[in-house]
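Asker: Take this structure, written in structure tokens, and hold onto it; I'll ask about it next.
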Amino acid sequence: MADYTYRQGQYLAYIYLHDKLHRQAPSEAEIQRYFNVTPPAVHDMILTLEKKKLIARTPGAPRSIRVLVPKDQLPELA
């Protein structure tokens with residue numbers, strides 16, 4: 001089982017679902033609107049998820065977030 005907090009799991013589930021529905025990762029602005037948080041809060045969470053190796057990004061490429069956690073280990077999006 002992946003090691004993440006409830007809030008981190010919600011971000012992972014949102015990113016995964018957005019990618020499946022829209023065939024592209026969400027922008028940080030879309031994540032900000034969904035979770036109703038500040039831009040720095042979103043950016044900090046993205047950096048945290050990347051540091052924990054729960055997501056991967058391509059430097060300099062927009063919408064390049066990939067969830068590295070298997071689908072069956074993601075929580076339901078609340």
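Just remember, in the structure tokens the first chain shown is A, the second B, etc., residues are 1-based per chain, and ligands are 1-based in the order shown.
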Could you give me, as JSON lines, every region 2-34 of chain A residue with an atom at most 9 Å from region 42-56 of chain A, plus its closest atom pair and distance in Å to one decimal, counting only C-alpha atoms, rows ordered by chain then number?
Answerer:
{"residue": "A:Ala2", "atom": "CA", "partner": "A:Leu54", "partner_atom": "CA", "distance": 8.0}
{"residue": "A:Asp3", "atom": "CA", "partner": "A:Lys52", "partner_atom": "CA", "distance": 8.5}
{"residue": "A:Tyr4", "atom": "CA", "partner": "A:Leu54", "partner_atom": "CA", "distance": 8.4}
{"residue": "A:Gln8", "atom": "CA", "partner": "A:Leu49", "partner_atom": "CA", "distance": 7.2}
{"residue": "A:Tyr11", "atom": "CA", "partner": "A:Met45", "partner_atom": "CA", "distance": 8.2}
{"residue": "A:Leu12", "atom": "CA", "partner": "A:Leu54", "partner_atom": "CA", "distance": 8.0}
{"residue": "A:Glu28", "atom": "CA", "partner": "A:Val42", "partner_atom": "CA", "distance": 6.4}
{"residue": "A:Ala29", "atom": "CA", "partner": "A:Val42", "partner_atom": "CA", "distance": 8.3}
{"residue": "A:Ile31", "atom": "CA", "partner": "A:Val42", "partner_atom": "CA", "distance": 6.9}
{"residue": "A:Gln32", "atom": "CA", "partner": "A:Val42", "partner_atom": "CA", "distance": 6.1}
Asker: Write out as a compact mmCIF listing (two decimals) with all heavy atoms, in the first residue's frame all residues of chain A that backbone DSSP assigns to alpha helix (DSSP H).
Answerer:
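File produced: out-v3.txt:
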# COMPACT_ATOMS: atom_id res chain seq x y z
N TYR A 6 -4.36 11.36 3.99
CA TYR A 6 -5.69 11.46 3.39
C TYR A 6 -5.71 12.55 2.32
O TYR A 6 -6.18 12.32 1.20
CB TYR A 6 -6.75 11.75 4.46
CG TYR A 6 -8.11 12.02 3.88
CD1 TYR A 6 -8.93 10.96 3.49
CD2 TYR A 6 -8.54 13.32 3.68
CE1 TYR A 6 -10.18 11.20 2.92
CE2 TYR A 6 -9.79 13.57 3.11
CZ TYR A 6 -10.60 12.51 2.73
OH TYR A 6 -11.82 12.75 2.17
N ARG A 7 -5.19 13.72 2.65
CA ARG A 7 -5.21 14.86 1.71
C ARG A 7 -4.37 14.54 0.48
O ARG A 7 -4.77 14.85 -0.65
CB ARG A 7 -4.70 16.11 2.42
CG ARG A 7 -4.88 17.36 1.63
CD ARG A 7 -6.34 17.71 1.53
NE ARG A 7 -6.48 19.07 1.06
CZ ARG A 7 -7.61 19.58 0.66
NH1 ARG A 7 -8.71 18.87 0.72
NH2 ARG A 7 -7.68 20.80 0.23
N GLN A 8 -3.21 13.95 0.66
CA GLN A 8 -2.37 13.57 -0.48
C GLN A 8 -3.10 12.57 -1.36
O GLN A 8 -3.05 12.66 -2.59
CB GLN A 8 -1.05 13.00 0.01
CG GLN A 8 -0.15 14.02 0.65
CD GLN A 8 1.03 13.40 1.39
OE1 GLN A 8 1.10 12.19 1.59
NE2 GLN A 8 1.95 14.24 1.82
N GLY A 9 -3.81 11.65 -0.75
CA GLY A 9 -4.59 10.67 -1.50
C GLY A 9 -5.68 11.33 -2.33
O GLY A 9 -5.95 10.91 -3.46
N GLN A 10 -6.30 12.38 -1.78
CA GLN A 10 -7.33 13.09 -2.53
C GLN A 10 -6.74 13.79 -3.76
O GLN A 10 -7.32 13.77 -4.84
CB GLN A 10 -8.05 14.10 -1.63
CG GLN A 10 -8.93 13.44 -0.58
CD GLN A 10 -10.02 12.60 -1.21
OE1 GLN A 10 -10.93 13.14 -1.85
NE2 GLN A 10 -9.92 11.29 -1.08
N TYR A 11 -5.58 14.38 -3.59
CA TYR A 11 -4.89 15.00 -4.73
C TYR A 11 -4.55 13.94 -5.78
O TYR A 11 -4.76 14.15 -6.98
CB TYR A 11 -3.62 15.72 -4.28
CG TYR A 11 -3.82 17.13 -3.81
CD1 TYR A 11 -4.44 17.41 -2.61
CD2 TYR A 11 -3.38 18.21 -4.57
CE1 TYR A 11 -4.63 18.72 -2.17
CE2 TYR A 11 -3.55 19.52 -4.14
CZ TYR A 11 -4.17 19.76 -2.94
OH TYR A 11 -4.35 21.05 -2.51
N LEU A 12 -4.02 12.82 -5.35
CA LEU A 12 -3.67 11.74 -6.28
C LEU A 12 -4.91 11.24 -7.03
O LEU A 12 -4.86 11.05 -8.25
CB LEU A 12 -3.01 10.58 -5.54
CG LEU A 12 -1.63 10.84 -4.97
CD1 LEU A 12 -1.23 9.72 -4.02
CD2 LEU A 12 -0.61 11.02 -6.07
N ALA A 13 -6.00 11.05 -6.30
CA ALA A 13 -7.23 10.57 -6.93
C ALA A 13 -7.75 11.59 -7.94
O ALA A 13 -8.20 11.23 -9.03
CB ALA A 13 -8.29 10.29 -5.86
N TYR A 14 -7.69 12.88 -7.59
CA TYR A 14 -8.15 13.93 -8.51
C TYR A 14 -7.29 13.95 -9.77
O TYR A 14 -7.82 14.00 -10.89
CB TYR A 14 -8.12 15.30 -7.83
CG TYR A 14 -8.48 16.40 -8.80
CD1 TYR A 14 -9.81 16.61 -9.16
CD2 TYR A 14 -7.51 17.20 -9.38
CE1 TYR A 14 -10.14 17.60 -10.08
CE2 TYR A 14 -7.83 18.19 -10.27
CZ TYR A 14 -9.15 18.39 -10.63
OH TYR A 14 -9.48 19.36 -11.55
N ILE A 15 -5.98 13.92 -9.60
CA ILE A 15 -5.08 13.94 -10.77
C ILE A 15 -5.35 12.73 -11.66
O ILE A 15 -5.45 12.86 -12.88
CB ILE A 15 -3.61 14.00 -10.31
CG1 ILE A 15 -3.33 15.33 -9.60
CG2 ILE A 15 -2.66 13.81 -11.50
CD1 ILE A 15 -2.03 15.35 -8.81
N TYR A 16 -5.47 11.57 -11.05
CA TYR A 16 -5.73 10.34 -11.82
C TYR A 16 -7.05 10.45 -12.58
O TYR A 16 -7.12 10.16 -13.78
CB TYR A 16 -5.75 9.13 -10.88
CG TYR A 16 -6.07 7.84 -11.59
CD1 TYR A 16 -5.07 7.13 -12.24
CD2 TYR A 16 -7.37 7.35 -11.64
CE1 TYR A 16 -5.36 5.96 -12.92
CE2 TYR A 16 -7.67 6.20 -12.32
CZ TYR A 16 -6.66 5.50 -12.97
OH TYR A 16 -6.97 4.35 -13.65
N LEU A 17 -8.11 10.85 -11.89
CA LEU A 17 -9.43 10.93 -12.51
C LEU A 17 -9.47 11.99 -13.61
O LEU A 17 -10.03 11.75 -14.68
CB LEU A 17 -10.49 11.23 -11.45
CG LEU A 17 -11.94 11.21 -11.93
CD1 LEU A 17 -12.30 9.83 -12.50
CD2 LEU A 17 -12.87 11.57 -10.79
N HIS A 18 -8.85 13.13 -13.36
CA HIS A 18 -8.81 14.19 -14.38
C HIS A 18 -8.12 13.68 -15.64
O HIS A 18 -8.59 13.91 -16.75
CB HIS A 18 -8.09 15.42 -13.83
CG HIS A 18 -8.17 16.62 -14.72
ND1 HIS A 18 -7.42 16.75 -15.86
CD2 HIS A 18 -8.93 17.72 -14.64
CE1 HIS A 18 -7.70 17.90 -16.44
NE2 HIS A 18 -8.63 18.51 -15.71
N ASP A 19 -7.01 12.99 -15.47
CA ASP A 19 -6.27 12.44 -16.60
C ASP A 19 -7.13 11.45 -17.39
O ASP A 19 -7.14 11.47 -18.62
CB ASP A 19 -4.99 11.77 -16.11
CG ASP A 19 -4.14 11.27 -17.26
OD1 ASP A 19 -3.85 12.06 -18.18
OD2 ASP A 19 -3.78 10.08 -17.24
N LYS A 20 -7.87 10.60 -16.68
CA LYS A 20 -8.72 9.62 -17.37
C LYS A 20 -9.88 10.29 -18.10
O LYS A 20 -10.23 9.88 -19.21
CB LYS A 20 -9.26 8.59 -16.37
CG LYS A 20 -8.22 7.65 -15.85
CD LYS A 20 -7.60 6.87 -16.98
CE LYS A 20 -6.45 6.04 -16.51
NZ LYS A 20 -5.63 5.52 -17.60
N LEU A 21 -10.47 11.30 -17.50
CA LEU A 21 -11.64 11.97 -18.11
C LEU A 21 -11.27 12.91 -19.24
O LEU A 21 -11.99 13.02 -20.22
CB LEU A 21 -12.42 12.74 -17.04
CG LEU A 21 -13.12 11.91 -15.99
CD1 LEU A 21 -13.74 12.81 -14.92
CD2 LEU A 21 -14.19 11.02 -16.62
N HIS A 22 -10.15 13.63 -19.08
CA HIS A 22 -9.78 14.67 -20.05
C HIS A 22 -8.57 14.31 -20.91
O HIS A 22 -8.16 15.10 -21.76
CB HIS A 22 -9.50 15.98 -19.31
CG HIS A 22 -10.67 16.45 -18.52
ND1 HIS A 22 -11.76 17.06 -19.09
CD2 HIS A 22 -10.94 16.38 -17.19
CE1 HIS A 22 -12.65 17.36 -18.15
NE2 HIS A 22 -12.17 16.95 -16.99
N GLU A 28 -2.11 23.23 -12.42
CA GLU A 28 -2.14 23.59 -11.01
C GLU A 28 -3.34 24.48 -10.72
O GLU A 28 -3.93 24.41 -9.64
CB GLU A 28 -0.83 24.23 -10.58
CG GLU A 28 0.32 23.23 -10.51
CD GLU A 28 1.57 23.76 -9.81
OE1 GLU A 28 1.51 24.83 -9.18
OE2 GLU A 28 2.60 23.08 -9.91
N ALA A 29 -3.74 25.32 -11.66
CA ALA A 29 -4.91 26.19 -11.48
C ALA A 29 -6.19 25.36 -11.34
O ALA A 29 -7.07 25.69 -10.54
CB ALA A 29 -5.03 27.17 -12.64
N GLU A 30 -6.32 24.30 -12.12
CA GLU A 30 -7.50 23.43 -12.00
C GLU A 30 -7.53 22.72 -10.65
O GLU A 30 -8.59 22.59 -10.04
CB GLU A 30 -7.51 22.41 -13.15
CG GLU A 30 -7.82 23.03 -14.48
CD GLU A 30 -7.58 22.10 -15.66
OE1 GLU A 30 -6.67 21.24 -15.59
OE2 GLU A 30 -8.29 22.26 -16.66
N ILE A 31 -6.37 22.28 -10.19
CA ILE A 31 -6.29 21.64 -8.88
C ILE A 31 -6.67 22.66 -7.80
O ILE A 31 -7.41 22.35 -6.88
CB ILE A 31 -4.88 21.07 -8.63
CG1 ILE A 31 -4.56 19.97 -9.65
CG2 ILE A 31 -4.76 20.53 -7.21
CD1 ILE A 31 -3.11 19.50 -9.64
N GLN A 32 -6.17 23.88 -7.95
CA GLN A 32 -6.47 24.95 -6.99
C GLN A 32 -7.98 25.18 -6.91
O GLN A 32 -8.54 25.28 -5.81
CB GLN A 32 -5.77 26.23 -7.41
CG GLN A 32 -6.12 27.42 -6.54
CD GLN A 32 -5.70 28.74 -7.15
OE1 GLN A 32 -4.99 28.79 -8.15
NE2 GLN A 32 -6.16 29.81 -6.57
N ARG A 33 -8.64 25.28 -8.05
CA ARG A 33 -10.09 25.51 -8.06
C ARG A 33 -10.85 24.34 -7.44
O ARG A 33 -11.78 24.54 -6.67
CB ARG A 33 -10.59 25.75 -9.49
CG ARG A 33 -10.30 27.14 -9.99
CD ARG A 33 -11.02 27.45 -11.28
NE ARG A 33 -10.63 26.58 -12.39
CZ ARG A 33 -9.59 26.79 -13.18
NH1 ARG A 33 -8.82 27.84 -12.99
NH2 ARG A 33 -9.31 25.96 -14.16
N TYR A 34 -10.44 23.13 -7.74
CA TYR A 34 -11.15 21.96 -7.21
C TYR A 34 -11.06 21.90 -5.68
O TYR A 34 -12.06 21.65 -5.00
CB TYR A 34 -10.62 20.66 -7.83
CG TYR A 34 -11.39 19.46 -7.35
CD1 TYR A 34 -12.60 19.14 -7.94
CD2 TYR A 34 -10.96 18.70 -6.27
CE1 TYR A 34 -13.35 18.06 -7.49
CE2 TYR A 34 -11.70 17.63 -5.80
CZ TYR A 34 -12.90 17.31 -6.42
OH TYR A 34 -13.64 16.26 -5.95
N PHE A 35 -9.86 22.09 -5.15
CA PHE A 35 -9.66 21.96 -3.71
C PHE A 35 -9.86 23.28 -2.95
O PHE A 35 -9.80 23.29 -1.72
CB PHE A 35 -8.27 21.38 -3.41
CG PHE A 35 -8.16 19.92 -3.76
CD1 PHE A 35 -7.53 19.53 -4.92
CD2 PHE A 35 -8.72 18.95 -2.95
CE1 PHE A 35 -7.44 18.18 -5.26
CE2 PHE A 35 -8.63 17.61 -3.27
CZ PHE A 35 -7.99 17.22 -4.44
N PRO A 39 -2.61 29.03 -4.68
CA PRO A 39 -1.61 28.48 -5.61
C PRO A 39 -0.37 27.91 -4.90
O PRO A 39 0.09 26.83 -5.28
CB PRO A 39 -1.26 29.67 -6.50
CG PRO A 39 -2.50 30.51 -6.49
CD PRO A 39 -3.05 30.38 -5.08
N PRO A 40 0.17 28.59 -3.87
CA PRO A 40 1.33 27.99 -3.20
C PRO A 40 1.01 26.65 -2.53
O PRO A 40 1.86 25.76 -2.48
CB PRO A 40 1.73 29.03 -2.15
CG PRO A 40 1.18 30.32 -2.66
CD PRO A 40 -0.08 29.96 -3.38
N ALA A 41 -0.22 26.50 -2.02
CA ALA A 41 -0.61 25.23 -1.39
C ALA A 41 -0.60 24.09 -2.41
O ALA A 41 -0.13 22.99 -2.12
CB ALA A 41 -1.98 25.35 -0.74
N VAL A 42 -1.09 24.37 -3.60
CA VAL A 42 -1.09 23.35 -4.67
C VAL A 42 0.34 23.01 -5.06
O VAL A 42 0.71 21.84 -5.15
CB VAL A 42 -1.87 23.83 -5.91
CG1 VAL A 42 -1.71 22.85 -7.06
CG2 VAL A 42 -3.33 24.01 -5.58
N HIS A 43 1.14 24.04 -5.28
CA HIS A 43 2.52 23.80 -5.70
C HIS A 43 3.29 23.01 -4.65
O HIS A 43 4.02 22.07 -4.98
CB HIS A 43 3.21 25.13 -6.00
CG HIS A 43 4.55 24.96 -6.63
ND1 HIS A 43 4.71 24.49 -7.92
CD2 HIS A 43 5.80 25.17 -6.15
CE1 HIS A 43 6.00 24.42 -8.21
NE2 HIS A 43 6.68 24.82 -7.15
N ASP A 44 3.10 23.37 -3.39
CA ASP A 44 3.77 22.63 -2.31
C ASP A 44 3.34 21.17 -2.29
O ASP A 44 4.16 20.27 -2.08
CB ASP A 44 3.48 23.27 -0.95
CG ASP A 44 4.22 24.58 -0.76
OD1 ASP A 44 5.15 24.88 -1.54
OD2 ASP A 44 3.86 25.31 0.19
N MET A 45 2.04 20.92 -2.50
CA MET A 45 1.55 19.54 -2.51
C MET A 45 2.16 18.76 -3.68
O MET A 45 2.57 17.61 -3.53
CB MET A 45 0.03 19.50 -2.58
CG MET A 45 -0.53 18.09 -2.60
SD MET A 45 -0.18 17.11 -1.11
CE MET A 45 -1.43 17.75 -0.02
N ILE A 46 2.23 19.39 -4.86
CA ILE A 46 2.83 18.73 -6.03
C ILE A 46 4.28 18.38 -5.73
O ILE A 46 4.72 17.26 -6.02
CB ILE A 46 2.72 19.63 -7.28
CG1 ILE A 46 1.25 19.86 -7.67
CG2 ILE A 46 3.51 19.06 -8.45
CD1 ILE A 46 0.47 18.61 -7.99
N LEU A 47 5.01 19.31 -5.14
CA LEU A 47 6.41 19.03 -4.79
C LEU A 47 6.52 17.90 -3.77
O LEU A 47 7.39 17.04 -3.87
CB LEU A 47 7.09 20.29 -4.27
CG LEU A 47 7.28 21.42 -5.28
CD1 LEU A 47 7.91 22.64 -4.60
CD2 LEU A 47 8.11 20.97 -6.47
N THR A 48 5.61 17.88 -2.80
CA THR A 48 5.61 16.82 -1.78
C THR A 48 5.32 15.47 -2.41
O THR A 48 6.02 14.48 -2.12
CB THR A 48 4.56 17.13 -0.69
OG1 THR A 48 4.92 18.35 -0.05
CG2 THR A 48 4.47 16.01 0.33
N LEU A 49 4.31 15.42 -3.27
CA LEU A 49 3.97 14.15 -3.93
C LEU A 49 5.12 13.66 -4.81
O LEU A 49 5.40 12.46 -4.86
CB LEU A 49 2.70 14.32 -4.77
CG LEU A 49 1.42 14.62 -3.99
CD1 LEU A 49 0.27 14.92 -4.95
CD2 LEU A 49 1.07 13.48 -3.06
N GLU A 50 5.79 14.60 -5.47
CA GLU A 50 6.93 14.22 -6.31
C GLU A 50 8.10 13.73 -5.45
O GLU A 50 8.74 12.72 -5.78
CB GLU A 50 7.35 15.43 -7.15
CG GLU A 50 8.38 15.10 -8.20
CD GLU A 50 8.64 16.27 -9.12
OE1 GLU A 50 8.59 17.43 -8.69
OE2 GLU A 50 8.89 16.01 -10.31
N LYS A 51 8.35 14.40 -4.35
CA LYS A 51 9.43 14.01 -3.45
C LYS A 51 9.19 12.61 -2.87
O LYS A 51 10.13 11.82 -2.71
CB LYS A 51 9.55 15.03 -2.31
CG LYS A 51 10.69 14.81 -1.38
CD LYS A 51 10.75 15.94 -0.35
CE LYS A 51 11.86 15.70 0.65
NZ LYS A 51 11.91 16.78 1.65
Asker: Would you please extract all strand (DSSP E or B) residues from chain A, as assigned by DSSP on the backbone, and give them as a ChimeraX atom specification?
Answerer: /A:55-56,66-67
Asker: Export all heavy atoms of the chosen residues as a compact mmCIF listing (two decimals), in the first residue's frame?
Answerer:
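The resulting file, selection.txt, is reproduced below:
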# COMPACT_ATOMS: atom_id res chain seq x y z
N ILE A 55 4.13 10.79 -7.64
CA ILE A 55 3.87 11.30 -8.99
C ILE A 55 5.22 11.56 -9.66
O ILE A 55 6.26 11.61 -9.00
CB ILE A 55 3.05 12.62 -8.99
CG1 ILE A 55 3.82 13.74 -8.28
CG2 ILE A 55 1.67 12.42 -8.40
CD1 ILE A 55 3.23 15.13 -8.48
N ALA A 56 5.17 11.74 -10.97
CA ALA A 56 6.35 12.14 -11.73
C ALA A 56 5.93 13.27 -12.65
O ALA A 56 4.78 13.33 -13.09
CB ALA A 56 6.89 10.96 -12.54
N ARG A 66 2.16 12.61 -13.76
CA ARG A 66 1.73 11.21 -13.89
C ARG A 66 1.66 10.60 -12.50
O ARG A 66 2.62 10.70 -11.73
CB ARG A 66 2.74 10.43 -14.73
CG ARG A 66 2.77 10.80 -16.19
CD ARG A 66 3.71 9.90 -17.00
NE ARG A 66 4.84 9.33 -16.27
CZ ARG A 66 6.04 9.89 -16.14
NH1 ARG A 66 6.27 11.06 -16.67
NH2 ARG A 66 7.00 9.27 -15.47
N VAL A 67 0.56 9.98 -12.19
CA VAL A 67 0.41 9.31 -10.90
C VAL A 67 1.14 7.97 -10.99
O VAL A 67 0.90 7.19 -11.91
CB VAL A 67 -1.08 9.10 -10.56
CG1 VAL A 67 -1.23 8.30 -9.27
CG2 VAL A 67 -1.80 10.44 -10.44
Asker: Taking only C-alpha atoms into account, name the residue in A:Ser64, A:Asn36, A:Thr5, A:Arg57 that is nearest to Gln24 (chain A).
Answerer: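 When distances to Gln24 (chain A) are compared using only C-alpha atoms, the smallest one comes from A:Ser64.
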Asker: Could you tell me how far CA of Ala61 (chain A) lies from CA of Val37 (chain A), in Å and to one decimal?
Answerer: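 Calculated distance between CA of Ala61 (chain A) and CA of Val37 (chain A) is 23.0 Å.
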Asker: Which distance in Å separates CA of Gly60 (chain A) and CA of Pro75 (chain A), to one decimal?
Answerer: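 One can read the CA of Gly60 (chain A) to CA of Pro75 (chain A) distance as 28.9 Å.
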Asker: To one decimal place in Å, what is the distance between CA of Asp72 (chain A) and CA of Thr38 (chain A)?
Answerer: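 About the pair CA of Asp72 (chain A) and CA of Thr38 (chain A): they are 29.3 Å apart.
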